[in-house]
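Everything on this sheet refers to the single structure shown next.
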Amino acid sequence: MEYFTEKLIKDEYFENRISTICSFNNAKCIFNDGKIIKIKETNVSIIEPHQVMVKWKQYKILLLYFDKDNMFLYDRTMPITLNELDKLLKEIRSMGGLNV
């Protein structure tokens, strides 16, 4: 079975907004580009979303997004907006981290 990949189009403005939110909350973010995997001679394709790893001290938050309207926390069952991300990071900072 042969397949090929192509890059998923990313939104630089949206990524800059995430970076700004992280920098205001003293968190670091690492972006990984998403991709589309197409299987040759079929109509099957798999979309791997863009990933953002947000780090604050020893805590990590994984964000997945396809575009500015589809951002998720950890997996597709927890949608999140930029405002909610900002509130989450502020809450974590105010508590000094989570007690896991």
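Identifiers in the structure tokens: chain A, B, ... in order shown; residue index from 1 per chain; ligand index from 1 in order shown.
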| said: Taking only chain A into account, list the residues labelled strand (DSSP E or B) by DSSP (computed from the backbone), as a PyMOL selection string. | reply: chain A and resi 3-7+28-32+35-39+45-48+50-56+59-67+70-73+79
Filtering to C-alpha atoms, could you give me those residues as a PDB file, in the first residue's frame?
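In the end it all went to out06.pdb:
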ATOM      1  CA  TYR A   3       0.728   6.662   0.403  1.00  0.00           C
ATOM      2  CA  PHE A   4       1.937  10.215   0.224  1.00  0.00           C
ATOM      3  CA  THR A   5       1.717  13.171   2.559  1.00  0.00           C
ATOM      4  CA  GLU A   6       1.190  16.861   2.114  1.00  0.00           C
ATOM      5  CA  LYS A   7       1.296  19.681   4.607  1.00  0.00           C
ATOM      6  CA  LYS A  28       6.458  28.178  26.244  1.00  0.00           C
ATOM      7  CA  CYS A  29       4.789  26.728  23.184  1.00  0.00           C
ATOM      8  CA  ILE A  30       6.133  24.367  20.557  1.00  0.00           C
ATOM      9  CA  PHE A  31       4.298  24.009  17.239  1.00  0.00           C
ATOM     10  CA  ASN A  32       4.209  20.848  15.117  1.00  0.00           C
ATOM     11  CA  LYS A  35      -0.364  16.818   7.533  1.00  0.00           C
ATOM     12  CA  ILE A  36      -2.723  15.027   5.202  1.00  0.00           C
ATOM     13  CA  ILE A  37      -1.904  11.396   4.486  1.00  0.00           C
ATOM     14  CA  LYS A  38      -3.454  10.102   1.259  1.00  0.00           C
ATOM     15  CA  ILE A  39      -3.464   6.441   0.303  1.00  0.00           C
ATOM     16  CA  SER A  45      -7.131  10.153   3.516  1.00  0.00           C
ATOM     17  CA  ILE A  46      -6.165  10.840   7.104  1.00  0.00           C
ATOM     18  CA  ILE A  47      -5.835  14.343   8.488  1.00  0.00           C
ATOM     19  CA  GLU A  48      -3.346  14.794  11.306  1.00  0.00           C
ATOM     20  CA  HIS A  50      -1.498  20.767  13.977  1.00  0.00           C
ATOM     21  CA  GLN A  51      -0.200  20.295  17.517  1.00  0.00           C
ATOM     22  CA  VAL A  52       0.847  22.852  20.090  1.00  0.00           C
ATOM     23  CA  MET A  53       2.659  21.745  23.236  1.00  0.00           C
ATOM     24  CA  VAL A  54       2.258  24.417  25.919  1.00  0.00           C
ATOM     25  CA  LYS A  55       4.719  24.108  28.808  1.00  0.00           C
ATOM     26  CA  TRP A  56       4.588  25.921  32.122  1.00  0.00           C
ATOM     27  CA  TYR A  59       3.202  20.977  33.366  1.00  0.00           C
ATOM     28  CA  LYS A  60       2.287  20.340  29.733  1.00  0.00           C
ATOM     29  CA  ILE A  61      -0.903  21.026  27.810  1.00  0.00           C
ATOM     30  CA  LEU A  62      -1.474  19.579  24.344  1.00  0.00           C
ATOM     31  CA  LEU A  63      -3.614  21.567  21.915  1.00  0.00           C
ATOM     32  CA  LEU A  64      -4.791  20.172  18.596  1.00  0.00           C
ATOM     33  CA  TYR A  65      -6.212  22.368  15.861  1.00  0.00           C
ATOM     34  CA  PHE A  66      -7.247  22.167  12.252  1.00  0.00           C
ATOM     35  CA  ASP A  67      -8.076  25.858  11.871  1.00  0.00           C
ATOM     36  CA  ASN A  70     -11.527  23.847  15.521  1.00  0.00           C
ATOM     37  CA  MET A  71      -9.149  23.800  18.483  1.00  0.00           C
ATOM     38  CA  PHE A  72      -9.175  21.034  21.064  1.00  0.00           C
ATOM     39  CA  LEU A  73      -7.582  20.285  24.405  1.00  0.00           C
ATOM     40  CA  PRO A  79     -13.106  21.899  22.325  1.00  0.00           C
TER      41      PRO A  79
END
DSSP helix (DSSP H, G or I) residues within chain A, as a compact mmCIF listing (two decimals) with C-alpha atoms, in the first residue's frame:
# COMPACT_ATOMS: atom_id res chain seq x y z
CA GLU A 12 0.18 32.05 10.96
CA TYR A 13 -2.05 34.71 12.54
CA PHE A 14 -3.78 32.10 14.73
CA GLU A 15 -0.43 30.63 15.81
CA ASN A 16 0.82 34.13 16.68
CA ARG A 17 -2.23 34.62 18.90
CA ILE A 18 -1.49 31.35 20.72
CA SER A 19 2.15 32.40 21.13
CA THR A 20 1.09 35.78 22.53
CA ILE A 21 -1.25 34.17 25.07
CA CYS A 22 1.51 31.81 26.14
CA SER A 23 4.11 34.56 26.46
CA PHE A 24 1.79 36.70 28.62
CA LEU A 82 -8.39 31.13 22.83
CA ASN A 83 -10.16 32.92 25.69
CA GLU A 84 -10.60 29.63 27.54
CA LEU A 85 -6.92 28.80 26.96
CA ASP A 86 -5.93 32.16 28.45
CA LYS A 87 -8.18 31.58 31.48
CA LEU A 88 -6.78 28.06 31.92
CA LEU A 89 -3.17 29.27 31.90
CA LYS A 90 -3.99 32.11 34.32
CA GLU A 91 -5.71 29.64 36.66
CA ILE A 92 -2.74 27.27 36.58
CA ARG A 93 -0.36 30.16 37.29
CA SER A 94 -2.48 31.49 40.16
CA MET A 95 -2.57 28.07 41.83
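Between atom CA of Lys68 of chain A and atom CA of Ile9 of chain A the interatomic distance comes to 11.6 Å.
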Nearest to Asp33 of chain A, restricted to only C-alpha atoms and choosing among A:Leu8, A:Asp69, A:Lys57, A:Ile80, comes out as A:Leu8
Pairwise distance, atom CA of Asp75 of chain A with atom CA of Asn43 of chain A, equals 24.9 Å
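Take atom CA of Asp11 of chain A and atom CA of Thr42 of chain A: the distance between them is 28.7 Å.
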